[in-house]
Amino acid sequence: MANDNPSRPTLLRVEVAYARADRQVIVPVELPEGATLEQAIIASRLLEQFPELSLSSLKVGVFGKLGKLSAALRTGDRVEIYRPLLADPKEVRKKRAAEGKRMRRGGGDLEPDGG
Amino acid sequence: MIVDIFSLGLLAAASGLLLGFAAVRFKVEGDPIVEQIDSILPQTQCGQCGYAGCRPYAEAIAAGEADINQCPPGGEGGVIALAELLGRDPKPLNPENGAEKPKMLAVIDEQNCIGCTLCLQACPVDAILGAAKHMHTVIARECTGCELCLAPCPVDCIDMLPVAQNIGTWKWSYPLSMPEPRRAAEQVAA
C-alpha cells in the first residue's frame with residue numbers, strides 16, 4: 001500500500017554496526033528502497049569515524065552472515081563491519097590440545113580419549 | 001412526570017452508547033497483566049527461570065504456572081515488585097534458579113577467538129557482532145550478562161566481567177516502573 005504513492009517512497013530502516021574491543025557503535029540509517037550494504041555503510045559515516053576502515057577492503061555482512069557490499073538491504077537488517085581474527089584457529093586448537101584441554105562440542109576436534 | 005422519564009431515559013441511552021463506543025474504541029489487545037509482568041522482568045533473556053525468555057516467563061506467571069521468585073537477575077527487588085503487582089506475599093528467590101549477582105558483561109579474549117560463531121548463535125539479544133572466521137566482539141551496551149555465550153565457546157575465550165557503574169553504563173535499574181523514561185534515556189545515549 002505504501003508503494004502506491006510515488007511521491008512518498010518507502011524507506012528502509014537499517015542499522016550499521018562496527019565493534020572494537022574498546023568501542024562499539026550502532027548507527028541507525030534510513031535509505032530509499034533497493035539500497036545496498038555499501039550505501040548503508042557510507043550513510044552511517046562510520047568510515048570517517050574509524051580511519052582503520054576503508055571501503056575497498058571491508059568485510060561486511062548482515063546479522064553474522066558474510067555478504068557482499070552490493071547486496072540489497074531489507075528493513076530491520078543490521079549491517080555489520082567485521083574485523084579479522086588475531087589468532088590462527090589451528091594454532092589455538094593445537095595449543096589447547098597441548099595443554100590437555102578438550103575442545104567442546106561444535107569446536108571441531110575432540111581429543112581421542114580426553115576428558 | 002413524562003419529561004422526567006424521558007430525560008432519564010435519554011441519559012441512560014446516551015451513557016449506553018458512550019460505553020459501547022468506548023468498549024470498541026479502547027479495546028485492550030492481549031492480556032495487559034502479561035505486559036506489566038514483562039515490564040518488571042529484567043529482559044536478560046537468560047532462561048534461568050526455566051522458560052525461553054522473559055516474555056514466556058511473564059506469560060507463565062500470568063497463567064499461574066510459574067512462581068514469582070524464579071528470576072535471579074531481577075533479584076529481591078524484582079520479586080517484591082511482582083508481589084506488589086499481583087497482590088501476593090514476597091518470598092525469597094528460589095535457589096534452584098540461581099543466585100542474584102551483580103550485573104556482568106561478557107568480554108571476548110581477542111587473542112583466542114577463532115571466529116566459530118557459536119556464541120553469536122547462543123546470544124539471545126544479538127549483542128555479539130561477528131561472522132565465520134572473523135573477530136567476534138561483544139557490544140557492551142546490548143549485553144545483558146546472561147552468560148549463555150560461555151558454554152558454547154570451544155576455546156573458553158569469553159569472560160564475565162563486572163560492569164563498572166559510570167555515566168556511560170548507568171541504566172534505569174530493574175524492575176522498571178517507568179518503561180518510557182528508560183526508552184528516552186537509551187535514545188539519548190545512542
# chains A, B, ... in the order shown; residues from 1 in each chain; ligands from 1
>>> residues_around(residues="B:Gly115", least_positions_apart="5", cutoff="10 Å", atoms="only C-alpha atoms", output="CSV table (one decimal) with all heavy atoms, in the first residue's frame")
chain,number,residue,atom,x,y,z
A,84,PRO,N,39.3,-8.8,11.2
A,84,PRO,CA,40.0,-10.1,11.0
A,84,PRO,C,40.3,-10.7,12.4
A,84,PRO,O,40.3,-10.0,13.4
A,84,PRO,CB,41.3,-9.8,10.3
A,84,PRO,CG,41.5,-8.3,10.6
A,84,PRO,CD,40.2,-7.6,10.8
A,85,LEU,N,40.5,-12.0,12.4
A,85,LEU,CA,40.9,-12.7,13.7
A,85,LEU,C,42.3,-12.3,14.0
A,85,LEU,O,43.1,-12.0,13.1
A,85,LEU,CB,40.8,-14.2,13.5
A,85,LEU,CG,39.4,-14.8,13.4
A,85,LEU,CD1,39.5,-16.3,13.1
A,85,LEU,CD2,38.7,-14.6,14.7
A,86,LEU,N,42.7,-12.3,15.2
A,86,LEU,CA,44.0,-12.1,15.6
A,86,LEU,C,44.8,-13.4,15.7
A,86,LEU,O,45.9,-13.6,15.5
A,86,LEU,CB,44.1,-11.4,17.0
A,86,LEU,CG,43.6,-10.0,17.0
A,86,LEU,CD1,43.7,-9.4,18.4
A,86,LEU,CD2,44.3,-9.1,16.1
A,87,ALA,N,44.0,-14.5,16.1
A,87,ALA,CA,44.6,-15.8,16.4
A,87,ALA,C,44.4,-16.6,15.1
A,87,ALA,O,43.5,-16.4,14.3
A,87,ALA,CB,44.0,-16.4,17.6
A,88,ASP,N,45.3,-17.6,14.9
A,88,ASP,CA,45.2,-18.6,13.9
A,88,ASP,C,44.4,-19.7,14.5
A,88,ASP,O,44.9,-20.3,15.5
A,88,ASP,CB,46.5,-19.0,13.4
A,88,ASP,CG,46.4,-20.2,12.4
A,88,ASP,OD1,45.3,-20.6,12.1
A,88,ASP,OD2,47.5,-20.6,11.9
A,89,PRO,N,43.2,-20.0,14.1
A,89,PRO,CA,42.4,-21.0,14.7
A,89,PRO,C,43.1,-22.4,14.9
A,89,PRO,O,43.0,-23.0,15.9
A,89,PRO,CB,41.2,-21.2,13.8
A,89,PRO,CG,41.1,-19.9,13.1
A,89,PRO,CD,42.5,-19.4,13.0
B,110,GLU,N,40.4,-11.5,22.5
B,110,GLU,CA,40.6,-11.5,21.1
B,110,GLU,C,41.8,-12.3,20.6
B,110,GLU,O,41.9,-12.7,19.5
B,110,GLU,CB,40.8,-10.0,20.7
B,110,GLU,CG,39.7,-9.1,21.1
B,110,GLU,CD,39.4,-8.0,20.2
B,110,GLU,OE1,40.3,-7.5,19.6
B,110,GLU,OE2,38.2,-7.6,20.0
B,120,LEU,N,27.6,-16.3,18.9
B,120,LEU,CA,26.6,-15.5,18.2
B,120,LEU,C,25.3,-16.1,18.2
B,120,LEU,O,24.2,-15.5,18.4
B,120,LEU,CB,27.0,-15.3,16.7
B,120,LEU,CG,27.8,-14.1,16.3
B,120,LEU,CD1,29.2,-14.2,16.6
B,120,LEU,CD2,27.6,-13.9,14.8
B,130,GLY,N,29.9,-10.4,14.7
B,130,GLY,CA,31.0,-11.2,14.2
B,130,GLY,C,30.4,-12.1,13.1
B,130,GLY,O,29.2,-12.2,12.9
B,131,ALA,N,31.3,-12.8,12.4
B,131,ALA,CA,30.9,-13.7,11.4
B,131,ALA,C,32.0,-14.8,11.3
B,131,ALA,O,33.0,-14.7,12.0
B,131,ALA,CB,30.8,-13.0,10.0
B,132,ALA,N,31.7,-15.9,10.5
B,132,ALA,CA,32.6,-17.0,10.5
B,132,ALA,C,34.0,-16.6,10.1
B,132,ALA,O,34.2,-15.8,9.2
B,132,ALA,CB,32.1,-18.0,9.5
B,133,LYS,N,35.0,-17.0,10.9
B,133,LYS,CA,36.4,-16.7,10.7
B,133,LYS,C,36.7,-15.2,10.7
B,133,LYS,O,37.6,-14.7,10.1
B,133,LYS,CB,36.9,-17.3,9.3
B,133,LYS,CG,36.8,-18.8,9.3
B,133,LYS,CD,37.4,-19.4,8.1
B,133,LYS,CE,37.2,-20.9,8.0
B,133,LYS,NZ,36.6,-21.3,6.7
B,134,HIS,N,35.8,-14.5,11.4
B,134,HIS,CA,36.1,-13.1,11.7
B,134,HIS,C,35.9,-12.8,13.2
B,134,HIS,O,35.2,-13.6,13.9
B,134,HIS,CB,35.2,-12.1,10.9
B,134,HIS,CG,35.6,-12.1,9.4
B,134,HIS,ND1,35.1,-13.1,8.6
B,134,HIS,CD2,36.3,-11.3,8.7
B,134,HIS,CE1,35.6,-12.9,7.4
B,134,HIS,NE2,36.4,-11.8,7.4
B,135,MET,N,36.6,-11.8,13.7
B,135,MET,CA,36.6,-11.5,15.1
B,135,MET,C,35.2,-11.3,15.6
B,135,MET,O,34.4,-10.6,15.0
B,135,MET,CB,37.4,-10.2,15.4
B,135,MET,CG,37.5,-9.8,16.8
B,135,MET,SD,38.3,-11.1,17.8
B,135,MET,CE,40.0,-10.9,17.2
B,136,HIS,N,34.9,-11.9,16.8
B,136,HIS,CA,33.6,-11.6,17.4
B,136,HIS,C,33.8,-10.6,18.5
B,136,HIS,O,34.8,-10.7,19.3
B,136,HIS,CB,33.1,-12.9,18.0
B,136,HIS,CG,32.9,-14.0,17.0
B,136,HIS,ND1,32.9,-13.8,15.7
B,136,HIS,CD2,32.6,-15.4,17.2
B,136,HIS,CE1,32.7,-15.0,15.1
B,136,HIS,NE2,32.4,-15.9,15.9
B,137,THR,N,32.9,-9.7,18.6
B,137,THR,CA,33.0,-8.6,19.6
B,137,THR,C,31.7,-8.5,20.3
B,137,THR,O,30.6,-8.4,19.7
B,137,THR,CB,33.4,-7.3,19.0
B,137,THR,OG1,34.5,-7.6,18.1
B,137,THR,CG2,33.9,-6.3,20.0
B,153,CYS,N,31.4,-21.7,23.8
B,153,CYS,CA,32.7,-21.3,23.2
B,153,CYS,C,33.7,-22.5,23.3
B,153,CYS,O,34.0,-23.0,24.4
B,153,CYS,CB,33.3,-20.1,24.0
B,153,CYS,SG,34.9,-19.6,23.4
>>> select_by_dssp(residues="stretch 93-152 of chain B", states="helix (DSSP H, G or I)", output="list of chain:residue names")
B:Pro95, B:Glu96, B:Asn97, B:Leu118, B:Cys119, B:Leu120, B:Gln121, B:Ala122
>>> write_last_selection(atoms="N, CA, C and O atoms", output="PDB file, in the first residue's frame")
ATOM      1  N   PRO B  95      16.432 -20.885  45.136  1.00  0.00           N
ATOM      2  CA  PRO B  95      17.858 -21.164  44.859  1.00  0.00           C
ATOM      3  C   PRO B  95      18.058 -22.098  43.669  1.00  0.00           C
ATOM      4  O   PRO B  95      19.126 -22.118  43.072  1.00  0.00           O
ATOM      5  N   GLU B  96      17.034 -22.858  43.308  1.00  0.00           N
ATOM      6  CA  GLU B  96      17.159 -23.747  42.146  1.00  0.00           C
ATOM      7  C   GLU B  96      17.392 -22.967  40.858  1.00  0.00           C
ATOM      8  O   GLU B  96      17.966 -23.473  39.901  1.00  0.00           O
ATOM      9  N   ASN B  97      16.912 -21.727  40.823  1.00  0.00           N
ATOM     10  CA  ASN B  97      17.051 -20.921  39.617  1.00  0.00           C
ATOM     11  C   ASN B  97      18.375 -20.156  39.584  1.00  0.00           C
ATOM     12  O   ASN B  97      18.731 -19.595  38.556  1.00  0.00           O
ATOM     13  N   LEU B 118      29.711 -19.728  17.366  1.00  0.00           N
ATOM     14  CA  LEU B 118      28.811 -20.436  18.288  1.00  0.00           C
ATOM     15  C   LEU B 118      28.214 -19.491  19.332  1.00  0.00           C
ATOM     16  O   LEU B 118      27.067 -19.637  19.737  1.00  0.00           O
ATOM     17  N   CYS B 119      29.017 -18.492  19.770  1.00  0.00           N
ATOM     18  CA  CYS B 119      28.485 -17.569  20.768  1.00  0.00           C
ATOM     19  C   CYS B 119      27.440 -16.655  20.152  1.00  0.00           C
ATOM     20  O   CYS B 119      26.475 -16.263  20.808  1.00  0.00           O
ATOM     21  N   LEU B 120      27.631 -16.311  18.878  1.00  0.00           N
ATOM     22  CA  LEU B 120      26.641 -15.474  18.192  1.00  0.00           C
ATOM     23  C   LEU B 120      25.276 -16.148  18.205  1.00  0.00           C
ATOM     24  O   LEU B 120      24.247 -15.514  18.412  1.00  0.00           O
ATOM     25  N   GLN B 121      25.326 -17.468  17.924  1.00  0.00           N
ATOM     26  CA  GLN B 121      24.060 -18.192  17.839  1.00  0.00           C
ATOM     27  C   GLN B 121      23.411 -18.342  19.207  1.00  0.00           C
ATOM     28  O   GLN B 121      22.185 -18.422  19.308  1.00  0.00           O
ATOM     29  N   ALA B 122      24.251 -18.353  20.261  1.00  0.00           N
ATOM     30  CA  ALA B 122      23.687 -18.534  21.599  1.00  0.00           C
ATOM     31  C   ALA B 122      23.115 -17.240  22.159  1.00  0.00           C
ATOM     32  O   ALA B 122      22.245 -17.270  23.025  1.00  0.00           O
TER      33      ALA B 122
END
>>> interface_residues(of="chain A", to="chain B", cutoff="12 Å", atoms="only C-alpha atoms", output="VMD selection string")
chain A and resid 15 to 28 58 to 67 77 to 97 99 101 to 110
>>> closest_residue(among="A:Ser54, A:Val29, A:Ala40, A:Gly100", to="A:Leu73", atoms="only C-alpha atoms")
A:Ala40
>>> residues_around(residues="A:Gln39", least_positions_apart="6", cutoff="9 Å", atoms="only C-alpha atoms", output="ChimeraX atom specification")
/A:31,69-70
>>> atom_distance(atom1="atom CA of B:Ala66", atom2="atom CA of B:Val28")
24.1 Å
>>> closest_residue(among="A:Glu30, A:Glu52, A:Leu11, A:Leu37", to="A:Ala71", atoms="only C-alpha atoms")
A:Leu37
>>> decode(residues="stretch 148-164 of chain B", atoms="all heavy atoms", output="PDB file, in the first residue's frame")
ATOM      1  N   LEU B 148      24.887 -16.976  28.539  1.00  0.00           N
ATOM      2  CA  LEU B 148      24.551 -18.079  27.634  1.00  0.00           C
ATOM      3  C   LEU B 148      25.638 -18.310  26.576  1.00  0.00           C
ATOM      4  O   LEU B 148      25.686 -19.359  25.958  1.00  0.00           O
ATOM      5  CB  LEU B 148      23.213 -17.825  26.940  1.00  0.00           C
ATOM      6  CG  LEU B 148      21.983 -17.860  27.850  1.00  0.00           C
ATOM      7  CD1 LEU B 148      20.731 -17.543  27.072  1.00  0.00           C
ATOM      8  CD2 LEU B 148      21.846 -19.223  28.505  1.00  0.00           C
ATOM      9  N   CYS B 149      26.510 -17.317  26.366  1.00  0.00           N
ATOM     10  CA  CYS B 149      27.572 -17.488  25.368  1.00  0.00           C
ATOM     11  C   CYS B 149      28.760 -18.259  25.926  1.00  0.00           C
ATOM     12  O   CYS B 149      29.621 -18.712  25.161  1.00  0.00           O
ATOM     13  CB  CYS B 149      28.041 -16.126  24.849  1.00  0.00           C
ATOM     14  SG  CYS B 149      28.543 -14.969  26.145  1.00  0.00           S
ATOM     15  N   LEU B 150      28.863 -18.408  27.249  1.00  0.00           N
ATOM     16  CA  LEU B 150      30.056 -19.030  27.831  1.00  0.00           C
ATOM     17  C   LEU B 150      30.170 -20.502  27.448  1.00  0.00           C
ATOM     18  O   LEU B 150      31.222 -20.958  27.005  1.00  0.00           O
ATOM     19  CB  LEU B 150      30.038 -18.905  29.360  1.00  0.00           C
ATOM     20  CG  LEU B 150      30.029 -17.494  29.939  1.00  0.00           C
ATOM     21  CD1 LEU B 150      30.193 -17.556  31.450  1.00  0.00           C
ATOM     22  CD2 LEU B 150      31.119 -16.640  29.327  1.00  0.00           C
ATOM     23  N   ALA B 151      29.105 -21.238  27.636  1.00  0.00           N
ATOM     24  CA  ALA B 151      29.173 -22.686  27.447  1.00  0.00           C
ATOM     25  C   ALA B 151      29.511 -23.094  26.017  1.00  0.00           C
ATOM     26  O   ALA B 151      30.309 -24.018  25.827  1.00  0.00           O
ATOM     27  CB  ALA B 151      27.871 -23.334  27.902  1.00  0.00           C
ATOM     28  N   PRO B 152      28.940 -22.440  24.989  1.00  0.00           N
ATOM     29  CA  PRO B 152      29.239 -22.926  23.635  1.00  0.00           C
ATOM     30  C   PRO B 152      30.664 -22.663  23.169  1.00  0.00           C
ATOM     31  O   PRO B 152      31.136 -23.327  22.252  1.00  0.00           O
ATOM     32  CB  PRO B 152      28.260 -22.150  22.743  1.00  0.00           C
ATOM     33  CG  PRO B 152      27.245 -21.555  23.653  1.00  0.00           C
ATOM     34  CD  PRO B 152      27.921 -21.387  24.975  1.00  0.00           C
ATOM     35  N   CYS B 153      31.387 -21.704  23.762  1.00  0.00           N
ATOM     36  CA  CYS B 153      32.706 -21.316  23.247  1.00  0.00           C
ATOM     37  C   CYS B 153      33.689 -22.481  23.342  1.00  0.00           C
ATOM     38  O   CYS B 153      33.999 -22.956  24.433  1.00  0.00           O
ATOM     39  CB  CYS B 153      33.259 -20.115  23.996  1.00  0.00           C
ATOM     40  SG  CYS B 153      34.895 -19.614  23.389  1.00  0.00           S
ATOM     41  N   PRO B 154      34.210 -22.957  22.205  1.00  0.00           N
ATOM     42  CA  PRO B 154      35.091 -24.126  22.245  1.00  0.00           C
ATOM     43  C   PRO B 154      36.480 -23.811  22.783  1.00  0.00           C
ATOM     44  O   PRO B 154      37.238 -24.715  23.097  1.00  0.00           O
ATOM     45  CB  PRO B 154      35.165 -24.561  20.776  1.00  0.00           C
ATOM     46  CG  PRO B 154      34.881 -23.332  20.004  1.00  0.00           C
ATOM     47  CD  PRO B 154      33.971 -22.481  20.837  1.00  0.00           C
ATOM     48  N   VAL B 155      36.850 -22.535  22.856  1.00  0.00           N
ATOM     49  CA  VAL B 155      38.195 -22.192  23.327  1.00  0.00           C
ATOM     50  C   VAL B 155      38.161 -21.387  24.625  1.00  0.00           C
ATOM     51  O   VAL B 155      39.172 -20.798  25.017  1.00  0.00           O
ATOM     52  CB  VAL B 155      38.984 -21.416  22.239  1.00  0.00           C
ATOM     53  CG1 VAL B 155      39.300 -22.336  21.076  1.00  0.00           C
ATOM     54  CG2 VAL B 155      38.232 -20.195  21.757  1.00  0.00           C
ATOM     55  N   ASP B 156      37.017 -21.373  25.298  1.00  0.00           N
ATOM     56  CA  ASP B 156      36.880 -20.660  26.573  1.00  0.00           C
ATOM     57  C   ASP B 156      37.424 -19.232  26.523  1.00  0.00           C
ATOM     58  O   ASP B 156      38.160 -18.819  27.416  1.00  0.00           O
ATOM     59  CB  ASP B 156      37.624 -21.419  27.693  1.00  0.00           C
ATOM     60  CG  ASP B 156      36.931 -22.704  28.050  1.00  0.00           C
ATOM     61  OD1 ASP B 156      35.689 -22.734  27.969  1.00  0.00           O
ATOM     62  OD2 ASP B 156      37.614 -23.683  28.395  1.00  0.00           O
ATOM     63  N   CYS B 157      37.088 -18.506  25.465  1.00  0.00           N
ATOM     64  CA  CYS B 157      37.690 -17.181  25.349  1.00  0.00           C
ATOM     65  C   CYS B 157      36.743 -16.074  25.816  1.00  0.00           C
ATOM     66  O   CYS B 157      37.027 -14.897  25.624  1.00  0.00           O
ATOM     67  CB  CYS B 157      38.173 -16.922  23.929  1.00  0.00           C
ATOM     68  SG  CYS B 157      36.878 -16.524  22.765  1.00  0.00           S
ATOM     69  N   ILE B 158      35.617 -16.422  26.447  1.00  0.00           N
ATOM     70  CA  ILE B 158      34.702 -15.384  26.931  1.00  0.00           C
ATOM     71  C   ILE B 158      34.738 -15.342  28.454  1.00  0.00           C
ATOM     72  O   ILE B 158      34.624 -16.374  29.119  1.00  0.00           O
ATOM     73  CB  ILE B 158      33.260 -15.638  26.451  1.00  0.00           C
ATOM     74  CG1 ILE B 158      33.240 -15.860  24.933  1.00  0.00           C
ATOM     75  CG2 ILE B 158      32.370 -14.446  26.820  1.00  0.00           C
ATOM     76  CD1 ILE B 158      31.876 -16.152  24.367  1.00  0.00           C
ATOM     77  N   ASP B 159      34.945 -14.152  28.981  1.00  0.00           N
ATOM     78  CA  ASP B 159      34.944 -13.948  30.432  1.00  0.00           C
ATOM     79  C   ASP B 159      33.807 -13.007  30.790  1.00  0.00           C
ATOM     80  O   ASP B 159      33.451 -12.122  30.018  1.00  0.00           O
ATOM     81  CB  ASP B 159      36.263 -13.304  30.881  1.00  0.00           C
ATOM     82  CG  ASP B 159      37.436 -14.246  30.665  1.00  0.00           C
ATOM     83  OD1 ASP B 159      37.350 -15.401  31.102  1.00  0.00           O
ATOM     84  OD2 ASP B 159      38.424 -13.811  30.032  1.00  0.00           O
ATOM     85  N   MET B 160      33.282 -13.216  31.999  1.00  0.00           N
ATOM     86  CA  MET B 160      32.272 -12.282  32.502  1.00  0.00           C
ATOM     87  C   MET B 160      32.976 -11.303  33.437  1.00  0.00           C
ATOM     88  O   MET B 160      33.631 -11.707  34.394  1.00  0.00           O
ATOM     89  CB  MET B 160      31.177 -13.023  33.271  1.00  0.00           C
ATOM     90  CG  MET B 160      30.419 -14.051  32.471  1.00  0.00           C
ATOM     91  SD  MET B 160      29.644 -13.447  30.974  1.00  0.00           S
ATOM     92  CE  MET B 160      28.456 -12.275  31.629  1.00  0.00           C
ATOM     93  N   LEU B 161      32.856 -10.025  33.139  1.00  0.00           N
ATOM     94  CA  LEU B 161      33.467  -9.013  33.990  1.00  0.00           C
ATOM     95  C   LEU B 161      32.357  -8.168  34.619  1.00  0.00           C
ATOM     96  O   LEU B 161      31.347  -7.906  33.977  1.00  0.00           O
ATOM     97  CB  LEU B 161      34.377  -8.093  33.163  1.00  0.00           C
ATOM     98  CG  LEU B 161      35.553  -8.761  32.458  1.00  0.00           C
ATOM     99  CD1 LEU B 161      36.384  -7.710  31.748  1.00  0.00           C
ATOM    100  CD2 LEU B 161      36.408  -9.533  33.445  1.00  0.00           C
ATOM    101  N   PRO B 162      32.553  -7.766  35.884  1.00  0.00           N
ATOM    102  CA  PRO B 162      31.545  -6.900  36.488  1.00  0.00           C
ATOM    103  C   PRO B 162      31.504  -5.555  35.772  1.00  0.00           C
ATOM    104  O   PRO B 162      32.526  -5.070  35.297  1.00  0.00           O
ATOM    105  CB  PRO B 162      32.018  -6.733  37.937  1.00  0.00           C
ATOM    106  CG  PRO B 162      33.422  -7.211  37.973  1.00  0.00           C
ATOM    107  CD  PRO B 162      33.649  -8.095  36.788  1.00  0.00           C
ATOM    108  N   VAL B 163      30.324  -5.005  35.659  1.00  0.00           N
ATOM    109  CA  VAL B 163      30.167  -3.727  34.970  1.00  0.00           C
ATOM    110  C   VAL B 163      30.442  -2.604  35.959  1.00  0.00           C
ATOM    111  O   VAL B 163      29.786  -2.511  36.994  1.00  0.00           O
ATOM    112  CB  VAL B 163      28.736  -3.584  34.416  1.00  0.00           C
ATOM    113  CG1 VAL B 163      28.581  -2.243  33.718  1.00  0.00           C
ATOM    114  CG2 VAL B 163      28.436  -4.717  33.478  1.00  0.00           C
ATOM    115  N   ALA B 164      31.416  -1.786  35.641  1.00  0.00           N
ATOM    116  CA  ALA B 164      31.672  -0.619  36.486  1.00  0.00           C
ATOM    117  C   ALA B 164      30.572   0.396  36.228  1.00  0.00           C
ATOM    118  O   ALA B 164      30.196   0.633  35.085  1.00  0.00           O
ATOM    119  CB  ALA B 164      33.027  -0.017  36.140  1.00  0.00           C
TER     120      ALA B 164
END
